[in-house]
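Asks: Handing over upload34.cif, mmCIF, C-alpha atoms.
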data_entry
#
loop_
_atom_site.label_atom_id
_atom_site.label_comp_id
_atom_site.auth_asym_id
_atom_site.auth_seq_id
_atom_site.Cartn_x
_atom_site.Cartn_y
_atom_site.Cartn_z
CA MET U 489 0.00 0.00 0.00
CA LYS U 490 1.37 3.39 -1.07
CA ILE U 491 0.17 6.97 -0.81
CA ALA U 492 -1.17 7.89 -4.23
CA ARG U 493 -2.83 11.29 -3.84
CA ILE U 494 -3.03 14.19 -1.36
CA GLU U 495 -5.65 16.92 -1.75
CA THR U 496 -6.62 19.98 0.27
CA PHE U 497 -10.00 21.70 0.54
CA LEU U 498 -10.60 25.27 1.69
CA VAL U 499 -14.06 25.13 3.26
CA PRO U 500 -16.21 27.69 5.10
CA PRO U 501 -16.37 29.04 7.69
CA ARG U 502 -12.56 29.15 8.16
CA TRP U 503 -11.23 25.59 7.82
CA LEU U 504 -8.84 23.59 5.67
CA PHE U 505 -9.25 19.83 5.21
CA CYS U 506 -6.84 17.39 3.62
CA ARG U 507 -7.46 13.95 2.13
CA ILE U 508 -4.83 11.26 1.66
CA GLU U 509 -5.71 8.37 -0.64
CA THR U 510 -3.74 5.15 -1.07
CA ASP U 511 -3.28 3.16 -4.25
CA ASP U 512 -5.76 0.56 -3.00
CA GLY U 513 -8.47 3.13 -2.29
CA VAL U 514 -8.20 3.75 1.47
CA ALA U 515 -8.76 7.42 2.26
CA GLY U 516 -7.87 9.32 5.42
CA TRP U 517 -8.92 12.84 6.40
CA GLY U 518 -7.15 15.55 8.38
CA GLU U 519 -7.62 19.20 9.29
CA PRO U 520 -4.43 21.24 8.80
CA VAL U 521 -5.17 24.90 9.38
CA VAL U 522 -4.04 28.12 10.98
CA GLU U 523 -7.15 30.23 11.41
CA GLY U 524 -6.74 33.31 9.25
CA ARG U 525 -3.81 31.80 7.33
CA ALA U 526 -5.44 28.72 5.80
CA GLU U 527 -4.10 29.40 2.32
CA VAL U 528 -0.54 29.52 3.63
CA VAL U 529 -0.94 26.16 5.36
CA ARG U 530 -2.41 24.77 2.15
CA ALA U 531 0.81 25.67 0.36
CA ALA U 532 2.84 23.99 3.11
CA VAL U 533 0.78 20.80 2.76
CA ASP U 534 1.50 20.81 -0.97
CA VAL U 535 5.24 21.01 -0.32
CA LEU U 536 5.19 18.24 2.31
CA ALA U 537 3.08 16.08 0.01
CA GLU U 538 6.05 15.83 -2.36
CA TYR U 539 7.75 13.59 0.21
CA LEU U 540 4.70 11.52 1.13
CA ILE U 541 3.58 10.50 -2.36
CA GLY U 542 4.68 6.92 -2.97
CA GLN U 543 5.38 6.21 0.71
CA ASP U 544 3.85 3.53 2.94
CA PRO U 545 1.11 5.39 4.89
CA LEU U 546 1.47 3.13 7.93
CA ARG U 547 4.96 4.38 8.82
CA ILE U 548 3.42 7.27 10.73
CA GLN U 549 6.18 7.82 13.27
CA ASP U 550 8.88 7.83 10.60
CA HIS U 551 6.91 10.23 8.41
CA TRP U 552 6.40 12.55 11.38
CA GLN U 553 10.15 12.67 11.96
CA VAL U 554 10.89 13.49 8.33
CA LEU U 555 8.10 16.05 7.96
CA THR U 556 9.06 17.94 11.13
CA LYS U 557 12.86 17.54 11.06
CA GLY U 558 13.73 16.86 7.41
CA GLY U 559 14.01 20.54 6.63
CA PHE U 560 16.77 22.69 8.07
CA TYR U 561 14.18 25.19 9.39
CA ARG U 562 11.70 23.67 11.78
CA GLY U 563 8.60 24.41 13.78
CA GLY U 564 6.22 27.32 13.84
CA PRO U 565 2.45 27.35 13.39
CA VAL U 566 2.34 26.92 9.61
CA LEU U 567 4.63 23.91 9.33
CA SER U 568 3.34 22.29 12.53
CA SER U 569 -0.27 22.71 11.39
CA ALA U 570 0.46 21.27 7.95
CA VAL U 571 2.09 18.26 9.62
CA ALA U 572 -0.81 18.00 12.06
CA GLY U 573 -3.44 17.57 9.37
CA LEU U 574 -1.37 15.07 7.41
CA ASP U 575 -0.70 13.15 10.62
CA GLN U 576 -4.42 12.98 11.42
CA ALA U 577 -5.11 11.61 7.95
CA LEU U 578 -2.38 8.97 8.29
CA TRP U 579 -3.81 7.78 11.61
CA ASP U 580 -7.25 7.67 9.97
CA ILE U 581 -5.81 5.41 7.25
CA ALA U 582 -4.08 3.24 9.85
CA GLY U 583 -7.27 2.73 11.79
CA LYS U 584 -9.22 1.87 8.66
CA THR U 585 -6.49 -0.52 7.55
CA TYR U 586 -6.36 -2.34 10.88
CA GLY U 587 -10.12 -2.12 11.44
CA ALA U 588 -9.75 -0.26 14.74
CA PRO U 589 -10.40 3.21 16.15
CA VAL U 590 -7.32 5.33 16.68
CA HIS U 591 -7.74 5.21 20.46
CA ALA U 592 -7.25 1.43 20.25
CA LEU U 593 -4.00 1.95 18.34
CA LEU U 594 -2.84 4.35 21.07
CA GLY U 595 -3.14 1.65 23.72
CA GLY U 596 -6.87 1.38 24.21
CA PRO U 597 -9.52 3.49 25.91
CA VAL U 598 -9.23 4.65 29.49
CA ARG U 599 -12.77 6.06 29.63
CA ASP U 600 -16.17 5.47 28.06
CA ARG U 601 -17.22 9.08 27.64
CA VAL U 602 -15.53 12.44 27.29
CA ARG U 603 -16.76 15.60 28.98
CA VAL U 604 -17.14 18.53 26.59
CA TYR U 605 -17.92 22.20 27.04
CA ALA U 606 -19.81 24.77 25.00
CA TRP U 607 -18.80 28.31 24.05
CA VAL U 608 -20.90 31.31 25.10
CA GLY U 609 -20.66 35.07 24.81
CA GLY U 610 -18.60 35.67 21.68
CA ASP U 611 -15.44 37.75 21.38
CA GLU U 612 -16.90 40.53 23.52
CA PRO U 613 -19.24 38.67 25.86
CA THR U 614 -22.92 39.62 25.75
CA GLU U 615 -26.27 37.93 26.47
CA LEU U 616 -24.55 35.47 28.75
CA THR U 617 -27.54 34.53 30.90
CA GLU U 618 -29.64 33.48 27.93
CA GLN U 619 -26.83 31.62 26.21
CA ILE U 620 -25.67 29.74 29.30
CA THR U 621 -29.24 28.82 30.18
CA ALA U 622 -29.64 27.32 26.70
CA GLN U 623 -26.46 25.27 27.10
CA VAL U 624 -27.54 24.00 30.52
CA GLU U 625 -30.91 23.01 29.06
CA ALA U 626 -29.01 21.18 26.30
CA GLY U 627 -27.27 19.11 28.98
CA PHE U 628 -23.84 20.74 29.14
CA THR U 629 -22.16 20.80 32.52
CA ALA U 630 -19.49 23.34 31.55
CA VAL U 631 -19.16 26.44 29.40
CA LYS U 632 -16.28 28.67 28.37
CA MET U 633 -16.36 32.40 27.75
CA ASN U 634 -13.97 35.16 26.88
CA ALA U 635 -13.25 37.45 29.80
CA ALA U 636 -13.41 40.66 27.77
CA GLY U 637 -12.82 42.33 24.46
CA ALA U 638 -9.98 44.80 23.94
CA THR U 639 -8.59 45.63 27.37
CA SER U 640 -6.42 48.48 28.65
CA PRO U 641 -2.75 47.67 29.37
CA VAL U 642 -3.62 48.01 33.04
CA THR U 643 -7.28 47.26 33.59
CA THR U 644 -9.36 50.09 34.94
CA PRO U 645 -11.66 49.51 37.92
CA ALA U 646 -14.59 49.51 35.50
CA GLU U 647 -12.99 46.90 33.21
CA THR U 648 -12.11 44.66 36.13
CA ALA U 649 -15.61 44.97 37.55
CA GLN U 650 -17.15 44.17 34.18
CA ILE U 651 -15.08 40.97 33.81
CA VAL U 652 -16.03 39.85 37.31
CA ALA U 653 -19.70 40.68 36.70
CA ARG U 654 -19.73 38.50 33.56
CA VAL U 655 -18.28 35.52 35.35
CA ALA U 656 -20.60 36.10 38.30
CA ALA U 657 -23.57 36.06 35.92
CA ALA U 658 -22.33 32.75 34.54
CA ARG U 659 -21.92 31.30 38.03
CA ASP U 660 -25.46 32.38 38.95
CA VAL U 661 -26.86 30.31 36.08
CA LEU U 662 -24.50 27.36 36.46
CA GLY U 663 -24.71 27.03 40.21
CA PRO U 664 -22.05 25.24 42.27
CA HIS U 665 -22.16 21.90 40.42
CA ARG U 666 -21.31 23.08 36.89
CA ASP U 667 -18.19 24.78 35.59
CA VAL U 668 -17.21 27.97 33.82
CA ALA U 669 -13.81 28.37 32.18
CA VAL U 670 -12.60 31.88 31.38
CA ASP U 671 -10.43 32.65 28.36
CA PHE U 672 -8.21 35.71 28.69
CA HIS U 673 -7.13 35.08 25.05
CA GLY U 674 -3.82 36.80 25.74
CA ARG U 675 -5.69 40.11 25.85
CA LEU U 676 -4.52 41.04 29.34
CA THR U 677 -1.04 42.13 30.37
CA VAL U 678 0.69 40.41 33.28
CA ALA U 679 -0.22 43.27 35.60
CA SER U 680 -3.88 43.12 34.59
CA ALA U 681 -3.95 39.33 34.80
CA ARG U 682 -2.74 39.43 38.41
CA ARG U 683 -5.43 41.94 39.31
CA VAL U 684 -8.28 40.09 37.59
CA LEU U 685 -7.29 36.61 38.76
CA THR U 686 -7.51 37.71 42.37
CA GLU U 687 -10.96 39.21 41.84
CA LEU U 688 -12.26 36.11 40.02
CA ALA U 689 -11.08 33.60 42.61
CA PRO U 690 -14.29 33.55 44.72
CA LEU U 691 -16.24 32.48 41.60
CA HIS U 692 -14.11 29.32 41.22
CA PRO U 693 -13.52 29.14 37.45
CA LEU U 694 -12.51 25.67 36.24
CA PHE U 695 -9.44 27.37 34.77
CA VAL U 696 -8.29 30.64 33.23
CA GLU U 697 -6.93 30.19 29.73
CA GLU U 698 -4.05 32.12 28.15
CA PRO U 699 -3.61 34.60 31.00
CA VAL U 700 -0.87 36.20 28.87
CA VAL U 701 0.28 35.93 25.27
CA PRO U 702 2.76 33.09 24.58
CA ASP U 703 5.49 35.71 24.06
CA HIS U 704 5.31 36.31 27.81
CA ASP U 705 5.22 32.67 28.94
CA HIS U 706 8.54 33.28 30.69
CA LEU U 707 6.45 35.21 33.21
CA LEU U 708 4.13 32.28 33.90
CA PRO U 709 6.00 31.08 37.02
CA GLY U 710 5.14 34.30 38.85
CA LEU U 711 1.52 34.18 37.72
CA VAL U 712 1.14 30.54 38.71
CA ALA U 713 2.68 31.24 42.13
CA THR U 714 0.22 34.05 42.86
CA SER U 715 -2.91 32.78 41.09
CA PRO U 716 -5.62 31.19 43.21
CA ILE U 717 -7.16 29.83 39.97
CA PRO U 718 -5.75 26.96 37.86
CA LEU U 719 -4.05 28.38 34.77
CA ALA U 720 -4.22 26.87 31.28
CA THR U 721 -2.39 27.56 28.05
CA GLY U 722 -1.24 25.90 24.86
CA GLU U 723 -3.30 26.70 21.77
CA ARG U 724 -0.33 28.68 20.41
CA LEU U 725 2.31 26.15 21.44
CA TYR U 726 3.23 23.63 18.79
CA SER U 727 5.52 20.98 20.28
CA ARG U 728 6.75 19.28 23.46
CA THR U 729 9.63 21.75 23.43
CA ASP U 730 7.17 24.66 23.44
CA PHE U 731 5.16 23.14 26.28
CA LEU U 732 8.09 22.32 28.54
CA PRO U 733 8.59 25.86 29.97
CA ALA U 734 4.86 26.26 30.61
CA LEU U 735 4.71 22.91 32.37
CA THR U 736 7.77 23.63 34.48
CA ALA U 737 6.14 26.97 35.38
CA GLY U 738 3.31 24.95 36.93
CA ILE U 739 0.33 25.40 34.61
CA ALA U 740 -2.56 23.14 35.64
CA VAL U 741 -3.99 22.49 32.18
CA ALA U 742 -2.20 21.94 28.85
CA GLN U 743 -4.22 22.85 25.76
CA PRO U 744 -2.49 21.61 22.60
CA ASP U 745 -4.51 21.88 19.41
CA LEU U 746 -4.64 18.69 17.31
CA SER U 747 -4.60 20.84 14.14
CA HIS U 748 -1.61 22.93 15.23
CA ALA U 749 0.64 20.90 17.53
CA GLY U 750 1.85 18.19 15.17
CA GLY U 751 -1.33 16.12 15.15
CA ILE U 752 -2.15 12.95 17.04
CA THR U 753 1.47 11.81 17.15
CA GLU U 754 2.80 14.86 18.98
CA VAL U 755 -0.23 15.60 21.16
CA HIS U 756 -0.11 12.05 22.49
CA ARG U 757 3.45 12.78 23.62
CA ILE U 758 2.52 16.21 24.99
CA ALA U 759 -0.15 14.53 27.11
CA SER U 760 2.43 12.16 28.59
CA LEU U 761 4.80 15.06 29.25
CA ALA U 762 2.02 17.01 30.96
CA ASP U 763 1.26 13.99 33.14
CA THR U 764 4.81 14.03 34.52
CA TYR U 765 4.11 17.58 35.75
CA GLY U 766 0.72 16.75 37.22
CA ALA U 767 -1.05 18.78 34.51
CA GLN U 768 -4.34 17.83 32.86
CA LEU U 769 -5.03 17.80 29.11
CA ALA U 770 -7.85 19.88 27.60
CA PRO U 771 -7.28 19.96 23.82
CA HIS U 772 -8.04 23.24 22.10
CA CYS U 773 -10.57 22.75 19.29
CA PRO U 774 -12.75 25.62 18.03
CA LEU U 775 -12.44 24.02 14.56
CA GLY U 776 -14.19 21.49 12.36
CA PRO U 777 -15.32 17.87 12.63
CA ILE U 778 -12.04 16.20 11.70
CA ALA U 779 -10.05 18.12 14.30
CA LEU U 780 -12.67 17.29 16.92
CA ALA U 781 -12.73 13.62 15.92
CA ALA U 782 -8.93 13.48 16.31
CA SER U 783 -9.16 15.26 19.68
CA LEU U 784 -11.72 12.77 20.95
CA GLN U 785 -9.50 9.84 19.98
CA ILE U 786 -6.75 11.36 22.11
CA ALA U 787 -9.20 12.01 24.95
CA PHE U 788 -10.40 8.41 25.06
CA ALA U 789 -6.81 7.15 25.34
CA THR U 790 -5.32 9.76 27.72
CA PRO U 791 -5.41 9.15 31.49
CA ASN U 792 -4.80 12.80 32.43
CA PHE U 793 -7.53 14.19 30.18
CA LEU U 794 -9.79 16.88 31.72
CA ILE U 795 -12.34 18.28 29.25
CA GLN U 796 -12.76 18.83 25.50
CA GLU U 797 -13.54 22.03 23.60
CA GLN U 798 -15.95 21.77 20.66
CA SER U 799 -17.37 24.28 18.20
CA ARG U 800 -21.11 23.57 18.00
CA GLY U 801 -22.70 27.04 17.89
CA ILE U 802 -19.42 28.91 18.34
CA HIS U 803 -19.50 32.55 17.22
CA TYR U 804 -16.95 32.02 14.40
CA ASN U 805 -19.21 29.65 12.46
CA LYS U 806 -21.27 31.85 10.17
CA ASP U 807 -21.49 29.90 6.88
CA ALA U 808 -21.09 26.31 8.12
CA ASP U 809 -21.01 24.41 11.38
CA LEU U 810 -19.48 21.32 12.95
CA LEU U 811 -21.98 18.97 11.28
CA SER U 812 -21.96 20.56 7.82
CA TYR U 813 -19.39 18.17 6.35
CA VAL U 814 -20.17 14.82 7.99
CA VAL U 815 -22.46 12.03 6.82
CA ASP U 816 -23.46 10.85 10.30
CA PRO U 817 -23.65 13.30 13.24
CA GLU U 818 -23.73 10.50 15.84
CA PRO U 819 -20.03 10.85 16.89
CA PHE U 820 -20.84 14.44 17.87
CA ARG U 821 -24.09 13.77 19.69
CA PHE U 822 -23.47 15.04 23.20
CA VAL U 823 -25.49 13.43 25.99
CA ALA U 824 -25.46 15.08 29.41
CA GLY U 825 -22.46 17.14 28.32
CA HIS U 826 -20.43 14.14 27.14
CA ALA U 827 -19.36 12.49 23.89
CA HIS U 828 -19.62 8.73 24.09
CA ARG U 829 -16.95 6.39 22.79
CA GLY U 830 -17.52 4.67 19.46
CA ASP U 831 -15.68 1.83 17.80
CA ALA U 832 -15.72 2.98 14.17
CA PRO U 833 -12.29 2.56 12.57
CA GLY U 834 -9.85 5.43 12.16
CA LEU U 835 -10.96 8.81 13.45
CA GLY U 836 -14.51 7.51 13.73
CA VAL U 837 -16.13 10.13 11.51
CA THR U 838 -17.40 9.80 7.94
CA VAL U 839 -16.67 12.95 5.95
CA ASP U 840 -19.23 14.04 3.35
CA GLU U 841 -16.79 14.22 0.47
CA ALA U 842 -19.31 15.68 -1.97
CA ALA U 843 -20.14 18.51 0.43
CA VAL U 844 -16.45 19.21 1.02
CA ARG U 845 -15.65 19.35 -2.70
CA ALA U 846 -18.62 21.63 -3.33
CA ALA U 847 -17.61 23.96 -0.48
CA ASP U 848 -14.03 24.13 -1.75
CA ARG U 849 -15.29 25.58 -5.03
CA THR U 850 -16.41 28.61 -3.00
CA GLY U 851 -13.61 28.55 -0.43
CA HIS U 852 -13.14 31.33 2.08
CA ALA U 853 -10.72 34.10 3.04
CA TRP U 854 -11.39 34.30 6.78
CA ARG U 855 -9.18 36.73 8.73
CA ASN U 856 -9.26 37.50 12.42
CA PRO U 857 -10.25 41.06 13.31
CA VAL U 858 -7.64 43.71 14.07
CA TRP U 859 -8.51 45.57 17.24
CA ARG U 860 -7.28 48.95 18.46
CA HIS U 861 -7.38 50.78 21.75
CA ALA U 862 -9.20 54.10 22.11
CA ASP U 863 -5.95 55.96 21.34
CA GLY U 864 -5.54 54.13 18.02
CA SER U 865 -2.77 51.73 19.11
CA PHE U 866 -2.88 48.02 18.39
CA ALA U 867 -4.85 45.84 20.82
CA GLU U 868 -4.54 42.07 21.27
CA TRP U 869 -7.40 40.10 19.78
#
With the file now loaded, output its structure as structure tokens.

Replies:
Amino acid sequence: MKIARIETFLVPPRWLFCRIETDDGVAGWGEPVVEGRAEVVRAAVDVLAEYLIGQDPLRIQDHWQVLTKGGFYRGGPVLSSAVAGLDQALWDIAGKTYGAPVHALLGGPVRDRVRVYAWVGGDEPTELTEQITAQVEAGFTAVKMNAAGATSPVTTPAETAQIVARVAAARDVLGPHRDVAVDFHGRLTVASARRVLTELAPLHPLFVEEPVVPDHDHLLPGLVATSPIPLATGERLYSRTDFLPALTAGIAVAQPDLSHAGGITEVHRIASLADTYGAQLAPHCPLGPIALAASLQIAFATPNFLIQEQSRGIHYNKDADLLSYVVDPEPFRFVAGHAHRGDAPGLGVTVDEAAVRAADRTGHAWRNPVWRHADGSFAEW
């Protein structure tokens, strides 16, 4: 069996899919994308495909080594995301070839269901009570929300109070037996993060995500030491090497993205590394069905897994949603806030190839917004 063809598909709302087909007709799917730079990742996949064509698809570990280390220049979001999608597709082929789900190939399941959370509030949180109530009624036991939109370099009393009021409103709806996670999205400076974390502590967030931008991860030890709330980070970290400083700083939750951090192969290793530091795994996944399917396979096979992000109803999905490109929605049917383990081979999801090819004819050019402070200077989004 040899790899015969590799294709990519630019599909709304902001995703990139890839398809690897073997000479005997086995096809695997992956999701290699950097949100807002999908076309650039597509070009990277095309370059990496030159090596993979004609290769045995089952030599996944060897291919991962060549794809990540075979070039003199390594790493970064574009290359790591291109590798991630190809890696997902190779694992999908392996599972279909061996007639087993990927979690079985990773050593077997350690749980029967995976807890998931729902997004509420959008980039600049509004209408939280109504949205959280709807998610609770849908059975979810946890939600995540952004703390704020563009924020001053040092939060004003009004900004701090507004952030706390939002989380308090969430806690009022959720009660003491459900969870709220708060995403700072790197929008706060270290000084502001310290101030806000202290104020949020009585509301007991499950975790606070990206308290600072990854550029400032060298300051995480001080934040961890003074934060009464578990801290999480990782959506913009792309390898074990990237995660090591954050883990040694004492983060409680590692959040690698299966479409950015080298795919199933590398995230499986990141999970083991996190376990040696007592950290839990909560894969980042505001993306499409293939990325979520890959994340769930990791979750079923990872002892130190905490909770899974998913994009049903997320504010980014304007022209398509999680179920727009799958034949059977059953793998993404959440019962009582959980996804239940299936035994379908590979990633466990059947992609609607006709829908994907039709969507690719339209494509997309999604870009993240550029925010500015009141004085006209650049603000973190």

Asks: Which of these residues is nearest to Arg547 of chain U, using all atoms listed in the file: U:Leu578, U:Ala867, U:Val712, U:Val521?

Replies: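 So, comparing all the options, the nearest one is U:Leu578.
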
Asks: Taking only C-alpha atoms into account, which of U:Arg800, U:His551, U:His861, U:His706 comes nearest Trp607 of chain U?

Replies: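 Closest residue, counting only C-alpha atoms: U:Arg800.
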
Asks: Nearest to Val668 of chain U: which of U:Gln650, U:Ser783, U:Gln623, U:Gln549 is it, counting all atoms listed in the file?

Replies: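 Comparing U:Gln650, U:Ser783, U:Gln623, U:Gln549 against Val668 of chain U, the winner is U:Gln623.
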
Asks: Which distance in Å separates atom CA of Ile778 of chain U and atom CA of Val839 of chain U, to one decimal?

Replies: 8.1 Å

Asks: So which residues get picked by the PyMOL selection byres ((chain U and resi 827) around 6) here, written as a ChimeraX atom specification?

Replies: /U:601-602,822,826,828

Asks: Would you mind reading off the distance between atom CA of Asp745 of chain U and atom CA of Leu616 of chain U, one decimal, in Å?

Replies: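 Spanning atom CA of Asp745 of chain U to atom CA of Leu616 of chain U is a straight-line distance of 26.0 Å.
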
Asks: For this file, the PyMOL selection byres ((chain U and resi 568) around 8) selects which residues, as a PyMOL selection string?

Replies: chain U and resi 556+563-567+569-572+726+748-750

Asks: What is the atom CA of Glu797 of chain U-atom CA of Leu691 of chain U distance in Å, reported with one decimal?

Replies: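 A separation of 21.0 Å between them.
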
Asks: Applying the PyMOL selection byres ((chain U and resi 587) around 12) to the file I just gave you, which residues come out? Please list them as a list of chain:residue names.

Replies: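 Applied to this file, the PyMOL selection byres ((chain U and resi 587) around 12) selects U:Val514, U:Trp579, U:Asp580, U:Ile581, U:Ala582, U:Gly583, U:Lys584, U:Thr585, U:Tyr586, U:Ala588, U:Pro589, U:Val590, U:His591, U:Ala592, U:Leu593, U:Asp831, U:Ala832, U:Pro833, U:Gly834, U:Leu835, U:Gly836.
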
Asks: For segment 673-730 of chain U of the block above, can you save C-alpha atoms as a PDB file, in the first residue's frame?

Replies:
ATOM      1  CA  HIS U 673      -7.125  35.075  25.054  1.00  0.00           C
ATOM      2  CA  GLY U 674      -3.818  36.803  25.744  1.00  0.00           C
ATOM      3  CA  ARG U 675      -5.685  40.111  25.853  1.00  0.00           C
ATOM      4  CA  LEU U 676      -4.516  41.036  29.341  1.00  0.00           C
ATOM      5  CA  THR U 677      -1.036  42.128  30.371  1.00  0.00           C
ATOM      6  CA  VAL U 678       0.688  40.411  33.282  1.00  0.00           C
ATOM      7  CA  ALA U 679      -0.224  43.271  35.604  1.00  0.00           C
ATOM      8  CA  SER U 680      -3.876  43.116  34.587  1.00  0.00           C
ATOM      9  CA  ALA U 681      -3.949  39.332  34.801  1.00  0.00           C
ATOM     10  CA  ARG U 682      -2.743  39.433  38.414  1.00  0.00           C
ATOM     11  CA  ARG U 683      -5.429  41.944  39.312  1.00  0.00           C
ATOM     12  CA  VAL U 684      -8.280  40.095  37.594  1.00  0.00           C
ATOM     13  CA  LEU U 685      -7.295  36.605  38.758  1.00  0.00           C
ATOM     14  CA  THR U 686      -7.513  37.713  42.373  1.00  0.00           C
ATOM     15  CA  GLU U 687     -10.956  39.212  41.837  1.00  0.00           C
ATOM     16  CA  LEU U 688     -12.260  36.110  40.017  1.00  0.00           C
ATOM     17  CA  ALA U 689     -11.081  33.603  42.607  1.00  0.00           C
ATOM     18  CA  PRO U 690     -14.294  33.550  44.721  1.00  0.00           C
ATOM     19  CA  LEU U 691     -16.241  32.475  41.599  1.00  0.00           C
ATOM     20  CA  HIS U 692     -14.114  29.321  41.224  1.00  0.00           C
ATOM     21  CA  PRO U 693     -13.516  29.136  37.453  1.00  0.00           C
ATOM     22  CA  LEU U 694     -12.513  25.673  36.243  1.00  0.00           C
ATOM     23  CA  PHE U 695      -9.444  27.371  34.769  1.00  0.00           C
ATOM     24  CA  VAL U 696      -8.294  30.636  33.232  1.00  0.00           C
ATOM     25  CA  GLU U 697      -6.931  30.185  29.727  1.00  0.00           C
ATOM     26  CA  GLU U 698      -4.050  32.118  28.153  1.00  0.00           C
ATOM     27  CA  PRO U 699      -3.610  34.601  31.002  1.00  0.00           C
ATOM     28  CA  VAL U 700      -0.866  36.201  28.875  1.00  0.00           C
ATOM     29  CA  VAL U 701       0.278  35.929  25.274  1.00  0.00           C
ATOM     30  CA  PRO U 702       2.761  33.090  24.584  1.00  0.00           C
ATOM     31  CA  ASP U 703       5.488  35.712  24.056  1.00  0.00           C
ATOM     32  CA  HIS U 704       5.311  36.309  27.805  1.00  0.00           C
ATOM     33  CA  ASP U 705       5.219  32.672  28.937  1.00  0.00           C
ATOM     34  CA  HIS U 706       8.539  33.278  30.694  1.00  0.00           C
ATOM     35  CA  LEU U 707       6.449  35.213  33.213  1.00  0.00           C
ATOM     36  CA  LEU U 708       4.130  32.279  33.901  1.00  0.00           C
ATOM     37  CA  PRO U 709       5.998  31.084  37.022  1.00  0.00           C
ATOM     38  CA  GLY U 710       5.142  34.296  38.847  1.00  0.00           C
ATOM     39  CA  LEU U 711       1.522  34.176  37.718  1.00  0.00           C
ATOM     40  CA  VAL U 712       1.143  30.537  38.712  1.00  0.00           C
ATOM     41  CA  ALA U 713       2.676  31.243  42.130  1.00  0.00           C
ATOM     42  CA  THR U 714       0.223  34.051  42.863  1.00  0.00           C
ATOM     43  CA  SER U 715      -2.914  32.781  41.088  1.00  0.00           C
ATOM     44  CA  PRO U 716      -5.624  31.191  43.211  1.00  0.00           C
ATOM     45  CA  ILE U 717      -7.161  29.831  39.973  1.00  0.00           C
ATOM     46  CA  PRO U 718      -5.747  26.955  37.862  1.00  0.00           C
ATOM     47  CA  LEU U 719      -4.051  28.381  34.768  1.00  0.00           C
ATOM     48  CA  ALA U 720      -4.219  26.869  31.282  1.00  0.00           C
ATOM     49  CA  THR U 721      -2.389  27.558  28.048  1.00  0.00           C
ATOM     50  CA  GLY U 722      -1.240  25.896  24.855  1.00  0.00           C
ATOM     51  CA  GLU U 723      -3.299  26.698  21.771  1.00  0.00           C
ATOM     52  CA  ARG U 724      -0.333  28.679  20.407  1.00  0.00           C
ATOM     53  CA  LEU U 725       2.312  26.151  21.439  1.00  0.00           C
ATOM     54  CA  TYR U 726       3.232  23.631  18.790  1.00  0.00           C
ATOM     55  CA  SER U 727       5.524  20.979  20.284  1.00  0.00           C
ATOM     56  CA  ARG U 728       6.750  19.284  23.456  1.00  0.00           C
ATOM     57  CA  THR U 729       9.625  21.746  23.432  1.00  0.00           C
ATOM     58  CA  ASP U 730       7.174  24.656  23.438  1.00  0.00           C
TER      59      ASP U 730
END
